[in-house]
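Read through the structure below, which is laid out as structure tokens, and then see the notes.
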Amino acid sequence: MEIFKIGKVVSIGKTYLIFESNYSGHIIYVAHPETFIKDKVIKLYTYNHVSEYTSAIYGFANFKERIMFEDLISVNGIGPKTALAALKLGCDNIMSYIATEDSKSLSSIPQIGLRTANQL
């Protein structure tokens with residue numbers, strides 16, 4: 001399992017980066033594309049998500065975000081796109097909401113209803 005890639009940010013989109021690593025380009029979906037700098041060589045933590053319908057690579061600025069992403073998608077009803085939307089709030093905020101059982105704040109995340117928030 002690949003945990004990170006080292007390479008260059010070639011282009012930045014609204015929800016993704018085009019990342020060049022080992023002479024190949026990858027579309028990598030990220031929570032905060034605005035925090036990356038074009039043409040900069042970086043270490044990008046990655047998660048390869050493969051289902052029967054799709055395959056996508058998700059990227060994270062640090063290992064903490066990657067672990068949080070894995071934890072979120074392990075909850076029934078939360079997929080990778082929803083987990084990525086949740087990460088826009090920041091790992092510390094999500095952990096705080098979970099620790100204090102703040103279902104109302106968790107359910108404010110797009111695609112997360114009160115029932116799923118209670119599961120978290």
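Identifiers in the structure tokens: chain A, B, ... in order shown; residue index from 1 per chain; ligand index from 1 in order shown.
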**Study point:** All strand (DSSP E) residues (DSSP, backbone) inside chain A, as a VMD selection string
**Key:** chain A and resid 4 to 12 16 to 21 24 to 30 41 to 50 55 to 60
Practice item. With a distance cut-off of 12 Å and only C-alpha atoms, select the neighbouring residues of A:Lys8, excluding the residue or stretch itself and same-chain residues fewer than 4 positions from it, and output the selection as number ranges by chain. Key: A: 12, 17-26, 36-44
Next, write the just-selected residues to a file, as a compact mmCIF listing (two decimals), in the first residue's frame, keeping N, CA and C atoms as the atom set.
# COMPACT_ATOMS: atom_id res chain seq x y z
N ILE A 12 -3.53 23.09 -10.31
CA ILE A 12 -4.43 23.10 -9.17
C ILE A 12 -5.84 23.41 -9.65
N LEU A 17 -5.60 18.21 -7.50
CA LEU A 17 -4.29 18.60 -8.00
C LEU A 17 -3.93 17.66 -9.14
N ILE A 18 -3.15 18.15 -10.08
CA ILE A 18 -2.49 17.26 -11.01
C ILE A 18 -1.06 17.20 -10.49
N PHE A 19 -0.67 15.98 -10.15
CA PHE A 19 0.58 15.75 -9.43
C PHE A 19 1.49 14.88 -10.28
N GLU A 20 2.71 15.33 -10.53
CA GLU A 20 3.68 14.56 -11.30
C GLU A 20 4.63 13.87 -10.35
N SER A 21 4.70 12.54 -10.51
CA SER A 21 5.59 11.75 -9.67
C SER A 21 6.10 10.56 -10.49
N ASN A 22 7.40 10.34 -10.48
CA ASN A 22 8.01 9.24 -11.24
C ASN A 22 7.64 9.27 -12.72
N TYR A 23 7.68 10.44 -13.30
CA TYR A 23 7.43 10.63 -14.72
C TYR A 23 6.01 10.30 -15.16
N SER A 24 5.06 10.35 -14.24
CA SER A 24 3.66 10.17 -14.62
C SER A 24 2.81 11.17 -13.84
N GLY A 25 1.66 11.50 -14.41
CA GLY A 25 0.77 12.48 -13.79
C GLY A 25 -0.43 11.79 -13.16
N HIS A 26 -0.88 12.33 -12.06
CA HIS A 26 -2.01 11.77 -11.33
C HIS A 26 -2.99 12.88 -10.97
N PHE A 36 -1.87 24.45 -1.66
CA PHE A 36 -0.74 23.93 -2.41
C PHE A 36 -0.22 24.98 -3.38
N ILE A 37 1.06 24.88 -3.71
CA ILE A 37 1.71 25.85 -4.59
C ILE A 37 2.13 25.15 -5.87
N LYS A 38 1.71 25.72 -7.00
CA LYS A 38 2.04 25.15 -8.31
C LYS A 38 3.55 25.13 -8.51
N ASP A 39 4.05 24.05 -9.13
CA ASP A 39 5.46 23.83 -9.47
C ASP A 39 6.35 23.58 -8.26
N LYS A 40 5.76 23.35 -7.09
CA LYS A 40 6.55 23.06 -5.90
C LYS A 40 6.63 21.55 -5.71
N VAL A 41 7.81 21.06 -5.36
CA VAL A 41 8.01 19.64 -5.07
C VAL A 41 7.64 19.41 -3.60
N ILE A 42 6.74 18.45 -3.38
CA ILE A 42 6.24 18.19 -2.02
C ILE A 42 6.10 16.69 -1.77
N LYS A 43 5.90 16.36 -0.50
CA LYS A 43 5.49 15.00 -0.11
C LYS A 43 3.99 15.08 0.11
N LEU A 44 3.25 14.25 -0.59
CA LEU A 44 1.80 14.24 -0.50
C LEU A 44 1.35 12.87 -0.02
Check your understanding: Any idea what's packed within 12 Å of A:Ser103, counting only C-alpha atoms, ignoring anything in its chain fewer than 2 positions away? Could you give it as JSON, numbers by chain?
Key -> {"A": [94, 95, 96, 97, 98, 99, 100, 101, 105, 106, 107, 108, 109, 112, 113, 114, 115, 116, 117, 118, 119, 120]}
Exercise for review: Quick one: pull the distance between atom CA of A:Tyr16 and atom CA of A:Ile3, Å, one decimal.
Suggested key: 17.9 Å
Excluding same-chain residues fewer than 6 positions from A:Ile73, what lies within 10 Å of it counting only C-alpha atoms, as a PDB file with N, CA, C and O atoms, in the first residue's frame?
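out_6.pdb, freshly written:
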ATOM      1  N   GLY A  79     -18.743   8.139   2.478  1.00  0.00           N
ATOM      2  CA  GLY A  79     -17.846   7.772   1.398  1.00  0.00           C
ATOM      3  C   GLY A  79     -16.683   8.739   1.320  1.00  0.00           C
ATOM      4  O   GLY A  79     -16.599   9.699   2.091  1.00  0.00           O
ATOM      5  N   PRO A  80     -15.785   8.532   0.376  1.00  0.00           N
ATOM      6  CA  PRO A  80     -14.601   9.382   0.275  1.00  0.00           C
ATOM      7  C   PRO A  80     -14.893  10.853  -0.015  1.00  0.00           C
ATOM      8  O   PRO A  80     -14.225  11.736   0.524  1.00  0.00           O
ATOM      9  N   LYS A  81     -15.887  11.128  -0.841  1.00  0.00           N
ATOM     10  CA  LYS A  81     -16.198  12.535  -1.139  1.00  0.00           C
ATOM     11  C   LYS A  81     -16.738  13.251   0.093  1.00  0.00           C
ATOM     12  O   LYS A  81     -16.410  14.404   0.349  1.00  0.00           O
ATOM     13  N   THR A  82     -17.564  12.563   0.865  1.00  0.00           N
ATOM     14  CA  THR A  82     -18.105  13.146   2.097  1.00  0.00           C
ATOM     15  C   THR A  82     -16.989  13.339   3.120  1.00  0.00           C
ATOM     16  O   THR A  82     -16.922  14.371   3.788  1.00  0.00           O
ATOM     17  N   ALA A  83     -16.102  12.368   3.230  1.00  0.00           N
ATOM     18  CA  ALA A  83     -14.978  12.475   4.163  1.00  0.00           C
ATOM     19  C   ALA A  83     -14.076  13.650   3.790  1.00  0.00           C
ATOM     20  O   ALA A  83     -13.605  14.385   4.660  1.00  0.00           O
ATOM     21  N   LEU A  84     -13.858  13.841   2.496  1.00  0.00           N
ATOM     22  CA  LEU A  84     -13.042  14.960   2.039  1.00  0.00           C
ATOM     23  C   LEU A  84     -13.717  16.289   2.369  1.00  0.00           C
ATOM     24  O   LEU A  84     -13.057  17.240   2.793  1.00  0.00           O
TER      25      LEU A  84
END
Review point. Got a sec: who's within 12 Å of A:Glu34, counting only C-alpha atoms, leaving out chain neighbours fewer than 6 positions off, as a list in words?
Key: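 Here the answer would be Val9, Ser11, Ile12, Gly13, Lys14, Thr15, Tyr16, Leu17, Ala61 and Lys88 of chain A.
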Next, the residues of the selection above should be written as a compact mmCIF listing (two decimals), in the first residue's frame with all heavy atoms.
# COMPACT_ATOMS: atom_id res chain seq x y z
N VAL A 9 3.57 19.57 -7.93
CA VAL A 9 2.21 20.01 -8.23
C VAL A 9 2.25 20.71 -9.58
O VAL A 9 2.88 21.75 -9.73
CB VAL A 9 1.67 20.96 -7.14
CG1 VAL A 9 0.29 21.46 -7.51
CG2 VAL A 9 1.67 20.28 -5.78
N SER A 11 -0.67 21.34 -11.60
CA SER A 11 -1.85 22.18 -11.78
C SER A 11 -2.75 22.05 -10.56
O SER A 11 -2.75 21.02 -9.89
CB SER A 11 -2.59 21.75 -13.05
OG SER A 11 -3.72 22.56 -13.27
N ILE A 12 -3.53 23.09 -10.31
CA ILE A 12 -4.43 23.10 -9.17
C ILE A 12 -5.84 23.41 -9.65
O ILE A 12 -6.08 24.44 -10.28
CB ILE A 12 -3.99 24.15 -8.12
CG1 ILE A 12 -2.55 23.84 -7.66
CG2 ILE A 12 -4.95 24.18 -6.95
CD1 ILE A 12 -1.93 24.94 -6.82
N GLY A 13 -6.77 22.51 -9.36
CA GLY A 13 -8.18 22.71 -9.71
C GLY A 13 -8.98 23.07 -8.47
O GLY A 13 -8.42 23.31 -7.40
N LYS A 14 -10.30 23.09 -8.60
CA LYS A 14 -11.17 23.43 -7.47
C LYS A 14 -11.17 22.37 -6.38
O LYS A 14 -11.30 22.68 -5.20
CB LYS A 14 -12.59 23.68 -7.94
CG LYS A 14 -12.75 24.94 -8.75
CD LYS A 14 -14.19 25.17 -9.12
CE LYS A 14 -14.33 26.45 -9.94
NZ LYS A 14 -15.72 26.72 -10.30
N THR A 15 -11.04 21.10 -6.78
CA THR A 15 -11.10 20.01 -5.81
C THR A 15 -9.94 19.03 -5.95
O THR A 15 -9.91 18.02 -5.26
CB THR A 15 -12.42 19.22 -5.95
OG1 THR A 15 -12.49 18.70 -7.28
CG2 THR A 15 -13.61 20.08 -5.65
N TYR A 16 -9.01 19.32 -6.84
CA TYR A 16 -7.96 18.35 -7.12
C TYR A 16 -6.65 19.03 -7.49
O TYR A 16 -6.59 20.22 -7.77
CB TYR A 16 -8.38 17.42 -8.27
CG TYR A 16 -8.55 18.14 -9.58
CD1 TYR A 16 -7.48 18.30 -10.45
CD2 TYR A 16 -9.77 18.70 -9.94
CE1 TYR A 16 -7.62 18.98 -11.65
CE2 TYR A 16 -9.92 19.38 -11.14
CZ TYR A 16 -8.84 19.51 -11.98
OH TYR A 16 -8.98 20.20 -13.16
N LEU A 17 -5.60 18.21 -7.50
CA LEU A 17 -4.29 18.60 -8.00
C LEU A 17 -3.93 17.66 -9.14
O LEU A 17 -4.34 16.50 -9.14
CB LEU A 17 -3.21 18.42 -6.92
CG LEU A 17 -3.40 19.07 -5.56
CD1 LEU A 17 -2.28 18.61 -4.63
CD2 LEU A 17 -3.40 20.57 -5.69
N ALA A 61 -2.12 16.77 3.15
CA ALA A 61 -0.89 17.51 3.45
C ALA A 61 -0.09 16.83 4.56
O ALA A 61 1.13 16.98 4.61
CB ALA A 61 -1.22 18.94 3.85
N LYS A 88 -12.52 19.58 5.26
CA LYS A 88 -12.44 21.03 5.04
C LYS A 88 -12.61 21.79 6.35
O LYS A 88 -12.15 22.91 6.49
CB LYS A 88 -13.48 21.49 4.02
CG LYS A 88 -13.14 21.03 2.63
CD LYS A 88 -14.12 21.55 1.60
CE LYS A 88 -13.73 20.98 0.25
NZ LYS A 88 -13.98 21.85 -0.84
Review point. Nearest to A:Ala86: which of A:Thr46, A:Thr35, A:Gln111, A:Ser74 is it, counting only C-alpha atoms?
Key: A:Gln111
Review point. Atom CA of A:Tyr47 and atom CA of A:Phe69, how far apart in Å?
Key: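 Separating atom CA of A:Phe69 from atom CA of A:Tyr47 is a distance of 8.7 Å.
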Check your understanding: What does the distance between atom CA of A:Asp92 and atom CA of A:Ser51 come to in Å, to one decimal place?
Key ->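 Atom-to-atom, atom CA of A:Asp92 and atom CA of A:Ser51 are spaced 28.6 Å apart.
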